[in-house]
>>> print(open('coords06.cif').read())   # mmCIF, C-alpha atoms, pLDDT in the B column; chains and numbers go by the auth columns
data_structure
#
loop_
_atom_site.group_PDB
_atom_site.id
_atom_site.type_symbol
_atom_site.label_atom_id
_atom_site.label_comp_id
_atom_site.label_asym_id
_atom_site.label_seq_id
_atom_site.Cartn_x
_atom_site.Cartn_y
_atom_site.Cartn_z
_atom_site.B_iso_or_equiv
_atom_site.auth_seq_id
_atom_site.auth_asym_id
ATOM 1 C CA MET A 1 9.270 -10.154 5.436 47.00 261 K
ATOM 2 C CA SER A 2 8.956 -6.562 4.280 48.00 262 K
ATOM 3 C CA ASP A 3 6.965 -7.639 1.210 64.00 263 K
ATOM 4 C CA TYR A 4 4.404 -9.292 3.481 89.00 264 K
ATOM 5 C CA SER A 5 3.702 -6.166 5.541 88.00 265 K
ATOM 6 C CA ASP A 6 3.646 -4.212 2.305 92.00 266 K
ATOM 7 C CA ILE A 7 0.825 -6.439 1.021 96.00 267 K
ATOM 8 C CA ILE A 8 -1.121 -5.924 4.274 96.00 268 K
ATOM 9 C CA SER A 9 -0.773 -2.155 3.881 95.00 269 K
ATOM 10 C CA PHE A 10 -2.652 -2.370 0.570 95.00 270 K
ATOM 11 C CA LEU A 11 -5.693 -4.097 2.100 96.00 271 K
ATOM 12 C CA PRO A 12 -8.604 -1.696 1.672 94.00 272 K
ATOM 13 C CA TYR A 13 -10.201 -2.631 5.012 96.00 273 K
ATOM 14 C CA LYS A 14 -10.248 -0.655 8.242 96.00 274 K
ATOM 15 C CA ASP A 15 -11.079 -1.583 11.790 96.00 275 K
ATOM 16 C CA PRO A 16 -13.514 -3.138 12.804 97.00 276 K
ATOM 17 C CA PHE A 17 -13.488 -5.067 9.521 97.00 277 K
ATOM 18 C CA HIS A 18 -9.762 -5.589 9.041 98.00 278 K
ATOM 19 C CA PHE A 19 -8.985 -9.238 9.750 98.00 279 K
ATOM 20 C CA VAL A 20 -5.313 -9.778 8.968 98.00 280 K
ATOM 21 C CA ASN A 21 -2.577 -9.426 11.632 97.00 281 K
ATOM 22 C CA GLU A 22 0.346 -10.990 9.812 97.00 282 K
ATOM 23 C CA LEU A 23 1.351 -13.123 6.876 98.00 283 K
ATOM 24 C CA ILE A 24 3.733 -15.966 7.546 97.00 284 K
ATOM 25 C CA GLU A 25 4.132 -17.252 4.036 97.00 285 K
ATOM 26 C CA LEU A 26 3.255 -15.775 0.661 97.00 286 K
ATOM 27 C CA ASN A 27 4.201 -16.892 -2.798 97.00 287 K
ATOM 28 C CA ASP A 28 2.541 -17.287 -6.209 97.00 288 K
ATOM 29 C CA ASN A 29 0.756 -20.459 -5.130 98.00 289 K
ATOM 30 C CA GLN A 30 -0.156 -20.033 -1.498 98.00 290 K
ATOM 31 C CA VAL A 31 -0.522 -17.784 1.497 98.00 291 K
ATOM 32 C CA VAL A 32 -0.540 -18.447 5.233 98.00 292 K
ATOM 33 C CA GLY A 33 -1.704 -15.683 7.552 98.00 293 K
ATOM 34 C CA ARG A 34 -2.954 -15.073 11.062 98.00 294 K
ATOM 35 C CA TYR A 35 -5.654 -13.148 12.821 98.00 295 K
ATOM 36 C CA ARG A 36 -6.315 -13.108 16.557 98.00 296 K
ATOM 37 C CA ILE A 37 -9.972 -12.656 17.447 98.00 297 K
ATOM 38 C CA LYS A 38 -10.292 -9.629 19.704 98.00 298 K
ATOM 39 C CA LYS A 39 -12.153 -9.964 22.992 97.00 299 K
ATOM 40 C CA ASN A 40 -14.331 -7.022 22.047 96.00 300 K
ATOM 41 C CA GLU A 41 -15.147 -7.649 18.357 98.00 301 K
ATOM 42 C CA TYR A 42 -18.231 -5.537 17.574 97.00 302 K
ATOM 43 C CA TYR A 43 -20.397 -8.496 16.595 98.00 303 K
ATOM 44 C CA PHE A 44 -20.036 -10.299 19.940 98.00 304 K
ATOM 45 C CA GLU A 45 -22.602 -7.931 21.361 96.00 305 K
ATOM 46 C CA GLY A 46 -25.255 -9.799 19.409 97.00 306 K
ATOM 47 C CA HIS A 47 -23.647 -13.137 18.506 97.00 307 K
ATOM 48 C CA PHE A 48 -24.467 -14.223 21.138 97.00 308 K
ATOM 49 C CA PRO A 49 -25.282 -12.095 24.217 97.00 309 K
ATOM 50 C CA GLY A 50 -23.206 -13.583 27.043 96.00 310 K
ATOM 51 C CA ASP A 51 -21.883 -16.363 24.798 97.00 311 K
ATOM 52 C CA PRO A 52 -19.518 -14.852 22.194 98.00 312 K
ATOM 53 C CA ILE A 53 -18.955 -17.007 19.098 98.00 313 K
ATOM 54 C CA VAL A 54 -17.492 -15.798 15.799 98.00 314 K
ATOM 55 C CA PRO A 55 -20.262 -15.949 13.154 98.00 315 K
ATOM 56 C CA GLY A 56 -19.643 -18.241 10.162 98.00 316 K
ATOM 57 C CA ALA A 57 -20.004 -15.272 7.841 97.00 317 K
ATOM 58 C CA ILE A 58 -17.145 -13.495 9.657 98.00 318 K
ATOM 59 C CA LEU A 59 -14.989 -16.653 9.565 98.00 319 K
ATOM 60 C CA GLY A 60 -15.569 -16.738 5.811 98.00 320 K
ATOM 61 C CA GLU A 61 -14.542 -13.076 5.625 98.00 321 K
ATOM 62 C CA ILE A 62 -11.342 -13.704 7.628 98.00 322 K
ATOM 63 C CA MET A 63 -10.495 -16.624 5.337 98.00 323 K
ATOM 64 C CA ALA A 64 -11.204 -14.496 2.267 98.00 324 K
ATOM 65 C CA GLN A 65 -9.178 -11.475 3.415 98.00 325 K
ATOM 66 C CA ILE A 66 -6.105 -13.649 4.018 98.00 326 K
ATOM 67 C CA GLY A 67 -6.669 -16.434 1.505 98.00 327 K
ATOM 68 C CA LEU A 68 -8.027 -14.501 -1.445 98.00 328 K
ATOM 69 C CA VAL A 69 -7.321 -10.808 -1.060 98.00 329 K
ATOM 70 C CA CYS A 70 -3.722 -11.007 0.223 98.00 330 K
ATOM 71 C CA LEU A 71 -2.846 -13.620 -2.386 98.00 331 K
ATOM 72 C CA GLY A 72 -4.733 -11.642 -5.034 97.00 332 K
ATOM 73 C CA LEU A 73 -2.766 -8.496 -4.154 96.00 333 K
ATOM 74 C CA HIS A 74 0.486 -10.441 -4.397 96.00 334 K
ATOM 75 C CA LEU A 75 -0.551 -11.713 -7.835 95.00 335 K
ATOM 76 C CA SER A 76 -1.573 -8.253 -9.080 93.00 336 K
ATOM 77 C CA LYS A 77 0.798 -5.819 -10.665 91.00 337 K
ATOM 78 C CA PRO A 78 2.572 -3.762 -7.957 91.00 338 K
ATOM 79 C CA GLU A 79 1.506 -0.474 -9.562 92.00 339 K
ATOM 80 C CA GLU A 80 -2.159 -1.520 -9.398 91.00 340 K
ATOM 81 C CA ARG A 81 -2.249 -2.600 -5.745 92.00 341 K
ATOM 82 C CA ALA A 82 -3.219 0.809 -4.427 91.00 342 K
ATOM 83 C CA TYR A 83 -6.421 0.779 -6.516 91.00 343 K
ATOM 84 C CA VAL A 84 -7.658 -2.658 -5.567 88.00 344 K
ATOM 85 C CA MET A 85 -11.319 -3.294 -4.862 92.00 345 K
ATOM 86 C CA PRO A 86 -11.824 -6.974 -3.981 94.00 346 K
ATOM 87 C CA VAL A 87 -15.107 -8.610 -4.949 95.00 347 K
ATOM 88 C CA PHE A 88 -16.049 -11.873 -3.264 96.00 348 K
ATOM 89 C CA THR A 89 -17.830 -14.042 -5.852 95.00 349 K
ATOM 90 C CA SER A 90 -18.419 -17.422 -4.204 95.00 350 K
ATOM 91 C CA MET A 91 -17.604 -19.745 -1.363 96.00 351 K
ATOM 92 C CA SER A 92 -18.390 -23.295 -0.401 97.00 352 K
ATOM 93 C CA VAL A 93 -17.248 -23.790 3.164 98.00 353 K
ATOM 94 C CA ASP A 94 -17.826 -26.321 5.934 98.00 354 K
ATOM 95 C CA PHE A 95 -17.647 -25.055 9.513 98.00 355 K
ATOM 96 C CA LEU A 96 -16.155 -27.652 11.817 98.00 356 K
ATOM 97 C CA SER A 97 -15.483 -25.989 15.148 98.00 357 K
ATOM 98 C CA PHE A 98 -16.274 -22.778 17.077 98.00 358 K
ATOM 99 C CA ALA A 99 -13.988 -19.766 17.142 98.00 359 K
ATOM 100 C CA LYS A 100 -14.164 -17.621 20.279 98.00 360 K
ATOM 101 C CA PRO A 101 -12.634 -14.426 21.714 98.00 361 K
ATOM 102 C CA ASP A 102 -8.816 -14.479 21.838 98.00 362 K
ATOM 103 C CA ASP A 103 -8.550 -17.491 19.510 98.00 363 K
ATOM 104 C CA LEU A 104 -5.558 -17.227 17.201 98.00 364 K
ATOM 105 C CA LEU A 105 -6.705 -18.252 13.727 98.00 365 K
ATOM 106 C CA THR A 106 -4.270 -19.386 11.047 98.00 366 K
ATOM 107 C CA VAL A 107 -5.555 -19.386 7.489 98.00 367 K
ATOM 108 C CA TYR A 108 -3.926 -21.564 4.834 98.00 368 K
ATOM 109 C CA SER A 109 -4.846 -20.907 1.245 98.00 369 K
ATOM 110 C CA GLU A 110 -3.694 -22.687 -1.865 98.00 370 K
ATOM 111 C CA LYS A 111 -4.359 -21.384 -5.357 98.00 371 K
ATOM 112 C CA ILE A 112 -6.534 -23.589 -7.571 97.00 372 K
ATOM 113 C CA TYR A 113 -6.348 -21.139 -10.433 96.00 373 K
ATOM 114 C CA PHE A 114 -5.847 -17.464 -11.205 96.00 374 K
ATOM 115 C CA ARG A 115 -7.223 -16.864 -14.676 94.00 375 K
ATOM 116 C CA PHE A 116 -8.928 -13.924 -16.360 91.00 376 K
ATOM 117 C CA GLY A 117 -8.631 -11.960 -13.132 90.00 377 K
ATOM 118 C CA LYS A 118 -10.468 -14.545 -11.055 94.00 378 K
ATOM 119 C CA LEU A 119 -8.718 -16.239 -8.151 97.00 379 K
ATOM 120 C CA LYS A 120 -10.061 -19.517 -6.786 97.00 380 K
ATOM 121 C CA CYS A 121 -8.447 -21.126 -3.743 98.00 381 K
ATOM 122 C CA ARG A 122 -8.724 -24.061 -1.396 98.00 382 K
ATOM 123 C CA VAL A 123 -8.767 -22.518 2.071 98.00 383 K
ATOM 124 C CA SER A 124 -8.498 -23.934 5.565 98.00 384 K
ATOM 125 C CA CYS A 125 -8.754 -22.114 8.890 98.00 385 K
ATOM 126 C CA LYS A 126 -7.305 -23.555 12.085 98.00 386 K
ATOM 127 C CA LYS A 127 -7.195 -22.389 15.687 98.00 387 K
ATOM 128 C CA GLU A 128 -4.593 -23.331 18.316 97.00 388 K
ATOM 129 C CA ASN A 129 -3.666 -27.015 18.739 97.00 389 K
ATOM 130 C CA ASP A 130 -4.156 -27.536 15.020 97.00 390 K
ATOM 131 C CA ILE A 131 -7.944 -27.719 15.369 98.00 391 K
ATOM 132 C CA GLU A 132 -9.625 -27.015 12.052 98.00 392 K
ATOM 133 C CA VAL A 133 -12.388 -24.431 12.303 98.00 393 K
ATOM 134 C CA ALA A 134 -13.453 -24.350 8.651 98.00 394 K
ATOM 135 C CA ASN A 135 -12.391 -25.400 5.192 98.00 395 K
ATOM 136 C CA GLY A 136 -13.613 -25.150 1.641 98.00 396 K
ATOM 137 C CA SER A 137 -13.105 -23.313 -1.585 98.00 397 K
ATOM 138 C CA MET A 138 -13.647 -19.650 -2.325 98.00 398 K
ATOM 139 C CA SER A 139 -13.174 -17.297 -5.205 97.00 399 K
ATOM 140 C CA GLY A 140 -13.124 -13.640 -5.982 96.00 400 K
ATOM 141 C CA ILE A 141 -12.108 -11.067 -8.504 94.00 401 K
ATOM 142 C CA ILE A 142 -10.182 -7.868 -8.075 87.00 402 K
ATOM 143 C CA ILE A 143 -11.418 -4.796 -9.840 86.00 403 K
ATOM 144 C CA ASN A 144 -9.933 -1.349 -10.064 82.00 404 K
ATOM 145 C CA LYS A 145 -11.602 1.090 -7.646 79.00 405 K
ATOM 146 C CA THR A 146 -11.834 3.650 -10.413 74.00 406 K
ATOM 147 C CA ASP A 147 -13.690 1.187 -12.698 69.00 407 K
ATOM 148 C CA ARG A 148 -16.238 0.233 -10.069 60.00 408 K
ATOM 149 C CA ILE A 149 -19.621 -0.489 -11.532 55.00 409 K
ATOM 150 C CA GLU A 150 -22.659 -0.261 -9.285 55.00 410 K
ATOM 151 C CA LYS A 151 -24.796 -3.324 -9.825 50.00 411 K
ATOM 152 C CA MET B 1 -16.036 -43.596 -33.247 46.00 257 H
ATOM 153 C CA ASP B 2 -16.405 -40.315 -35.084 52.00 258 H
ATOM 154 C CA MET B 3 -14.066 -37.758 -33.509 62.00 259 H
ATOM 155 C CA THR B 4 -14.810 -34.955 -35.953 75.00 260 H
ATOM 156 C CA ILE B 5 -15.476 -31.665 -34.252 85.00 261 H
ATOM 157 C CA THR B 6 -18.660 -30.278 -35.699 91.00 262 H
ATOM 158 C CA GLN B 7 -20.883 -27.365 -34.834 93.00 263 H
ATOM 159 C CA GLU B 8 -23.483 -29.772 -33.502 93.00 264 H
ATOM 160 C CA ASN B 9 -21.300 -31.823 -31.168 93.00 265 H
ATOM 161 C CA VAL B 10 -19.506 -28.728 -29.853 95.00 266 H
ATOM 162 C CA LYS B 11 -22.911 -27.220 -29.126 96.00 267 H
ATOM 163 C CA ASN B 12 -24.026 -30.327 -27.237 95.00 268 H
ATOM 164 C CA ASP B 13 -20.813 -30.472 -25.196 96.00 269 H
ATOM 165 C CA LEU B 14 -21.005 -26.759 -24.508 96.00 270 H
ATOM 166 C CA ILE B 15 -24.582 -26.967 -23.247 96.00 271 H
ATOM 167 C CA GLU B 16 -23.544 -29.892 -21.053 96.00 272 H
ATOM 168 C CA ILE B 17 -20.887 -27.601 -19.497 96.00 273 H
ATOM 169 C CA ILE B 18 -23.139 -24.549 -19.213 96.00 274 H
ATOM 170 C CA LYS B 19 -25.935 -26.566 -17.572 95.00 275 H
ATOM 171 C CA SER B 20 -24.376 -26.627 -14.117 93.00 276 H
ATOM 172 C CA TYR B 21 -24.099 -22.815 -14.013 95.00 277 H
ATOM 173 C CA LEU B 22 -27.698 -22.071 -14.990 95.00 278 H
ATOM 174 C CA SER B 23 -30.406 -20.914 -12.664 90.00 279 H
ATOM 175 C CA GLU B 24 -33.588 -22.953 -12.447 91.00 280 H
ATOM 176 C CA GLU B 25 -35.568 -20.510 -14.560 93.00 281 H
ATOM 177 C CA ILE B 26 -33.585 -21.415 -17.699 94.00 282 H
ATOM 178 C CA VAL B 27 -34.908 -24.377 -19.691 94.00 283 H
ATOM 179 C CA VAL B 28 -31.925 -26.259 -21.139 94.00 284 H
ATOM 180 C CA SER B 29 -33.819 -27.551 -24.190 94.00 285 H
ATOM 181 C CA GLU B 30 -34.656 -23.968 -25.153 94.00 286 H
ATOM 182 C CA ILE B 31 -31.053 -22.724 -25.306 95.00 287 H
ATOM 183 C CA SER B 32 -30.259 -21.453 -28.775 95.00 288 H
ATOM 184 C CA GLU B 33 -27.061 -20.358 -30.526 96.00 289 H
ATOM 185 C CA ASP B 34 -27.896 -16.689 -30.372 97.00 290 H
ATOM 186 C CA ASN B 35 -28.450 -16.657 -26.602 97.00 291 H
ATOM 187 C CA HIS B 36 -26.117 -14.285 -24.774 97.00 292 H
ATOM 188 C CA LEU B 37 -24.430 -16.104 -21.884 96.00 293 H
ATOM 189 C CA ILE B 38 -24.854 -13.274 -19.385 95.00 294 H
ATOM 190 C CA ASN B 39 -27.883 -11.363 -20.647 95.00 295 H
ATOM 191 C CA ASP B 40 -30.083 -14.258 -21.819 96.00 296 H
ATOM 192 C CA LEU B 41 -28.853 -17.263 -19.878 96.00 297 H
ATOM 193 C CA LYS B 42 -28.320 -15.152 -16.730 95.00 298 H
ATOM 194 C CA ILE B 43 -24.916 -16.674 -16.008 95.00 299 H
ATOM 195 C CA ASN B 44 -23.004 -14.824 -13.292 91.00 300 H
ATOM 196 C CA SER B 45 -20.034 -13.115 -14.975 88.00 301 H
ATOM 197 C CA ALA B 46 -17.632 -14.684 -12.447 90.00 302 H
ATOM 198 C CA HIS B 47 -18.848 -18.095 -13.604 93.00 303 H
ATOM 199 C CA ILE B 48 -17.935 -17.325 -17.204 94.00 304 H
ATOM 200 C CA VAL B 49 -14.339 -17.963 -16.110 93.00 305 H
ATOM 201 C CA ASP B 50 -15.311 -21.412 -14.775 94.00 306 H
ATOM 202 C CA ILE B 51 -17.139 -22.194 -18.016 95.00 307 H
ATOM 203 C CA VAL B 52 -14.079 -21.190 -20.055 95.00 308 H
ATOM 204 C CA LEU B 53 -11.842 -23.395 -17.890 94.00 309 H
ATOM 205 C CA ASP B 54 -14.274 -26.312 -18.354 95.00 310 H
ATOM 206 C CA ILE B 55 -14.242 -25.685 -22.111 95.00 311 H
ATOM 207 C CA GLU B 56 -10.425 -25.717 -22.109 94.00 312 H
ATOM 208 C CA ASP B 57 -10.394 -29.073 -20.296 93.00 313 H
ATOM 209 C CA LYS B 58 -13.111 -30.612 -22.433 94.00 314 H
ATOM 210 C CA PHE B 59 -11.605 -29.645 -25.789 94.00 315 H
ATOM 211 C CA GLY B 60 -7.920 -29.530 -24.853 93.00 316 H
ATOM 212 C CA ILE B 61 -7.531 -25.937 -26.008 94.00 317 H
ATOM 213 C CA LEU B 62 -6.139 -22.773 -24.440 93.00 318 H
ATOM 214 C CA ILE B 63 -8.228 -19.620 -24.437 94.00 319 H
ATOM 215 C CA ASP B 64 -6.249 -16.463 -23.783 91.00 320 H
ATOM 216 C CA ASP B 65 -7.295 -13.319 -21.920 87.00 321 H
ATOM 217 C CA ASP B 66 -8.311 -11.428 -25.064 88.00 322 H
ATOM 218 C CA ALA B 67 -10.355 -14.291 -26.480 90.00 323 H
ATOM 219 C CA ILE B 68 -12.674 -14.548 -23.478 90.00 324 H
ATOM 220 C CA GLY B 69 -14.071 -11.124 -24.348 89.00 325 H
ATOM 221 C CA GLU B 70 -15.275 -12.482 -27.690 92.00 326 H
ATOM 222 C CA MET B 71 -17.313 -15.288 -26.158 94.00 327 H
ATOM 223 C CA ASN B 72 -20.574 -13.455 -25.690 95.00 328 H
ATOM 224 C CA THR B 73 -23.179 -15.798 -27.140 97.00 329 H
ATOM 225 C CA VAL B 74 -23.467 -19.571 -27.378 97.00 330 H
ATOM 226 C CA GLN B 75 -22.495 -19.348 -31.068 97.00 331 H
ATOM 227 C CA ASP B 76 -19.467 -17.121 -30.254 96.00 332 H
ATOM 228 C CA SER B 77 -18.309 -19.823 -27.856 96.00 333 H
ATOM 229 C CA ILE B 78 -18.859 -22.603 -30.400 96.00 334 H
ATOM 230 C CA ASP B 79 -16.880 -20.567 -32.963 95.00 335 H
ATOM 231 C CA MET B 80 -14.051 -20.093 -30.454 95.00 336 H
ATOM 232 C CA VAL B 81 -13.833 -23.849 -29.851 95.00 337 H
ATOM 233 C CA LEU B 82 -13.968 -24.624 -33.584 95.00 338 H
ATOM 234 C CA LYS B 83 -11.242 -22.031 -34.246 93.00 339 H
ATOM 235 C CA LYS B 84 -8.912 -23.136 -31.432 92.00 340 H
ATOM 236 C CA ALA B 85 -9.445 -26.860 -31.959 89.00 341 H
ATOM 237 C CA ALA B 86 -8.893 -26.616 -35.703 82.00 342 H
#
>>> encode(input="coords06.cif", output="structure tokens")
Amino acid sequence: MSDYSDIISFLPYKDPFHFVNELIELNDNQVVGRYRIKKNEYYFEGHFPGDPIVPGAILGEIMAQIGLVCLGLHLSKPEERAYVMPVFTSMSVDFLSFAKPDDLLTVYSEKIYFRFGKLKCRVSCKKENDIEVANGSMSGIIINKTDRIEK
Amino acid sequence: MDMTITQENVKNDLIEIIKSYLSEEIVVSEISEDNHLINDLKINSAHIVDIVLDIEDKFGILIDDDAIGEMNTVQDSIDMVLKKAA
């Protein structure tokens, strides 16, 4: 359990763009984590006025933070975790259902491969009652903050 | 069936793999051995990993972390396959 919260502490995100509450499972092949959508997420003001729905782009980000970045941190060397800069490289995701304020999202991610520093996963996001909100594949690389190249 | 691995059939198989990662501006029939995968063929560097994994599957070889750095041009990649499959 302590290793899980340790991994979360290395996430480079801050509120209002930190989308991981807890990890339930984490090993070399998969991660399961949760995030509860806040009632006052900043983007609800515009998406949509009076009818708050989590944008697909944000759902993809939630899935990536849990499914790629947390797993990627676990797979990186412990001494390098503090210098991690995650780079999202691709995703192919189908959106199946709406996510709304106060929904508890559970993200399941299974490693397809982790080679040459690139992590590719099959990721699914569900809300309560086992309703699938989105699924697909996504990949990213982790670079060292100090090696960051502007491009 | 001739199963010999030659420069020419590795090149054809390689181009077949590379094809799906190319942008529309690249004309497949114009790809030459000295083309640089990233600089000339405009392949996204993150996709180089996918190409290497496809190459491993296609030729039944294993390319290690150091070797990927040597696969800069089409010819470099052909050489890598010929070396590993030898």
>>> closest_atom_pairs(input="coords06.cif", of="region 265-321 of chain H", to="region 327-331 of chain H", cutoff="12 Å", atoms="only C-alpha atoms", output="Markdown table")
| residue | atom | partner | partner_atom | distance |
| --- | --- | --- | --- | --- |
| H:Val266 | CA | H:Gln331 | CA | 9.9 |
| H:Lys267 | CA | H:Val330 | CA | 7.9 |
| H:Asn268 | CA | H:Val330 | CA | 10.8 |
| H:Asp269 | CA | H:Val330 | CA | 11.4 |
| H:Leu270 | CA | H:Val330 | CA | 8.1 |
| H:Ile271 | CA | H:Val330 | CA | 8.5 |
| H:Ile273 | CA | H:Val330 | CA | 11.5 |
| H:Ile274 | CA | H:Val330 | CA | 9.6 |
| H:Ile287 | CA | H:Val330 | CA | 8.5 |
| H:Ser288 | CA | H:Val330 | CA | 7.2 |
| H:Glu289 | CA | H:Gln331 | CA | 4.7 |
| H:Asp290 | CA | H:Thr329 | CA | 5.8 |
| H:Asn291 | CA | H:Thr329 | CA | 5.4 |
| H:His292 | CA | H:Thr329 | CA | 4.1 |
| H:Leu293 | CA | H:Thr329 | CA | 5.4 |
| H:Ile294 | CA | H:Asn328 | CA | 7.6 |
| H:Asn295 | CA | H:Asn328 | CA | 9.1 |
| H:Asp296 | CA | H:Thr329 | CA | 8.9 |
| H:Leu297 | CA | H:Thr329 | CA | 9.3 |
| H:Lys298 | CA | H:Thr329 | CA | 11.6 |
| H:Ile299 | CA | H:Asn328 | CA | 11.1 |
| H:Ser301 | CA | H:Asn328 | CA | 10.7 |
| H:Ile304 | CA | H:Met327 | CA | 9.2 |
| H:Val305 | CA | H:Met327 | CA | 10.8 |
| H:Ile307 | CA | H:Met327 | CA | 10.7 |
| H:Val308 | CA | H:Met327 | CA | 9.1 |
| H:Ile311 | CA | H:Met327 | CA | 11.6 |
| H:Ile319 | CA | H:Met327 | CA | 10.2 |
| H:Asp320 | CA | H:Met327 | CA | 11.4 |
| H:Asp321 | CA | H:Met327 | CA | 11.1 |
>>> closest_residue(input="coords06.cif", among="K:Ser369, K:Thr349, K:Asn404, K:Ser397", to="chain H", atoms="all atoms listed in the file")
K:Thr349
>>> atom_distance(input="coords06.cif", atom1="CA of Tyr295 (chain K)", atom2="CA of Ile403 (chain K)")
24.8 Å
>>> closest_residue(input="coords06.cif", among="K:Leu286, K:Asp390, K:Leu333, K:Val344", to="Thr406 (chain K)", atoms="all atoms listed in the file")
K:Val344
>>> atom_distance(input="coords06.cif", atom1="CA of Val291 (chain K)", atom2="CA of Tyr368 (chain K)")
6.1 Å
>>> closest_atom_pairs(input="coords06.cif", of="chain K", to="chain H", cutoff="12 Å", atoms="all atoms listed in the file", output="JSON lines")
{"residue": "K:Val347", "atom": "CA", "partner": "H:Ala302", "partner_atom": "CA", "distance": 10.0}
{"residue": "K:Phe348", "atom": "CA", "partner": "H:Ala302", "partner_atom": "CA", "distance": 9.7}
{"residue": "K:Thr349", "atom": "CA", "partner": "H:Ala302", "partner_atom": "CA", "distance": 6.6}
{"residue": "K:Ser350", "atom": "CA", "partner": "H:Ala302", "partner_atom": "CA", "distance": 8.7}
{"residue": "K:Ile372", "atom": "CA", "partner": "H:Asp306", "partner_atom": "CA", "distance": 11.6}
{"residue": "K:Tyr373", "atom": "CA", "partner": "H:Leu309", "partner_atom": "CA", "distance": 9.5}
{"residue": "K:Phe374", "atom": "CA", "partner": "H:Val305", "partner_atom": "CA", "distance": 9.8}
{"residue": "K:Arg375", "atom": "CA", "partner": "H:Val305", "partner_atom": "CA", "distance": 7.3}
{"residue": "K:Phe376", "atom": "CA", "partner": "H:Asp321", "partner_atom": "CA", "distance": 5.8}
{"residue": "K:Gly377", "atom": "CA", "partner": "H:Val305", "partner_atom": "CA", "distance": 8.8}
{"residue": "K:Lys378", "atom": "CA", "partner": "H:Val305", "partner_atom": "CA", "distance": 7.2}
{"residue": "K:Leu379", "atom": "CA", "partner": "H:Val305", "partner_atom": "CA", "distance": 9.9}
{"residue": "K:Lys380", "atom": "CA", "partner": "H:Asp306", "partner_atom": "CA", "distance": 9.7}
{"residue": "K:Met398", "atom": "CA", "partner": "H:Ala302", "partner_atom": "CA", "distance": 12.0}
{"residue": "K:Ser399", "atom": "CA", "partner": "H:Ala302", "partner_atom": "CA", "distance": 8.9}
{"residue": "K:Gly400", "atom": "CA", "partner": "H:Ala302", "partner_atom": "CA", "distance": 8.0}
{"residue": "K:Ile401", "atom": "CA", "partner": "H:Ala302", "partner_atom": "CA", "distance": 7.7}
{"residue": "K:Ile402", "atom": "CA", "partner": "H:Ala302", "partner_atom": "CA", "distance": 11.0}
{"residue": "K:Ile403", "atom": "CA", "partner": "H:Ala302", "partner_atom": "CA", "distance": 12.0}
>>> atom_distance(input="coords06.cif", atom1="CA of Tyr303 (chain K)", atom2="CA of Ala317 (chain K)")
11.1 Å
>>> resolve_selection(input="coords06.cif", expression="the PyMOL selection byres ((chain K and resi 266-278) around 9)", output="list of chain:residue names")
K:Met261, K:Ser262, K:Asp263, K:Tyr264, K:Ser265, K:Phe279, K:Val280, K:Asn281, K:Glu282, K:Leu283, K:Glu301, K:Tyr302, K:Glu321, K:Ile322, K:Gln325, K:Val329, K:Cys330, K:Leu331, K:Leu333, K:His334, K:Arg341, K:Ala342, K:Tyr343, K:Val344, K:Met345, K:Pro346
>>> resolve_selection(input="coords06.cif", expression="the PyMOL selection byres ((chain K and resi 395) around 10)", output="PyMOL selection string")
chain K and resi 320+323+352-356+367-369+382-386+392-394+396-398
>>> closest_residue(input="coords06.cif", among="K:Asn389, K:Gly327, K:Glu340, K:Arg296", to="Lys360 (chain K)", atoms="all atoms listed in the file")
K:Arg296
>>> closest_residue(input="coords06.cif", among="K:Glu305, K:Leu319, K:Ala324, K:Glu388", to="Asp362 (chain K)", atoms="all atoms listed in the file")
K:Glu388
>>> residues_near_point(input="coords06.cif", point="(-5.1, -28.2, -26.3)", cutoff="12 Å", atoms="all atoms listed in the file", output="number ranges by chain")
H: 309, 311-319, 337, 339-342
>>> decode(input="coords06.cif", residues="region 318-324 of chain H", atoms="N, CA, C and O atoms", output="mmCIF file, in the first residue's frame")
data_model
loop_
_atom_site.group_PDB
_atom_site.id
_atom_site.type_symbol
_atom_site.label_atom_id
_atom_site.label_comp_id
_atom_site.auth_asym_id
_atom_site.auth_seq_id
_atom_site.Cartn_x
_atom_site.Cartn_y
_atom_site.Cartn_z
ATOM 1 N N LEU H 318 15.801 -10.075 -32.146
ATOM 2 C CA LEU H 318 15.647 -9.229 -30.972
ATOM 3 C C LEU H 318 16.621 -8.059 -31.099
ATOM 4 O O LEU H 318 17.818 -8.250 -31.303
ATOM 5 N N ILE H 319 16.068 -6.863 -31.024
ATOM 6 C CA ILE H 319 16.911 -5.670 -31.146
ATOM 7 C C ILE H 319 17.020 -5.037 -29.766
ATOM 8 O O ILE H 319 16.013 -4.709 -29.144
ATOM 9 N N ASP H 320 18.222 -4.906 -29.259
ATOM 10 C CA ASP H 320 18.360 -4.389 -27.894
ATOM 11 C C ASP H 320 18.390 -2.864 -27.858
ATOM 12 O O ASP H 320 18.426 -2.187 -28.888
ATOM 13 N N ASP H 321 18.348 -2.324 -26.630
ATOM 14 C CA ASP H 321 18.251 -0.880 -26.436
ATOM 15 C C ASP H 321 19.362 -0.084 -27.136
ATOM 16 O O ASP H 321 19.116 0.999 -27.644
ATOM 17 N N ASP H 322 20.570 -0.628 -27.141
ATOM 18 C CA ASP H 322 21.679 0.106 -27.766
ATOM 19 C C ASP H 322 21.555 0.102 -29.283
ATOM 20 O O ASP H 322 21.885 1.084 -29.949
ATOM 21 N N ALA H 323 21.068 -1.013 -29.822
ATOM 22 C CA ALA H 323 21.009 -1.165 -31.276
ATOM 23 C C ALA H 323 20.028 -0.204 -31.933
ATOM 24 O O ALA H 323 20.244 0.243 -33.055
ATOM 25 N N ILE H 324 18.962 0.154 -31.225
ATOM 26 C CA ILE H 324 17.953 1.028 -31.835
ATOM 27 C C ILE H 324 18.569 2.383 -32.217
ATOM 28 O O ILE H 324 18.195 3.001 -33.206
#
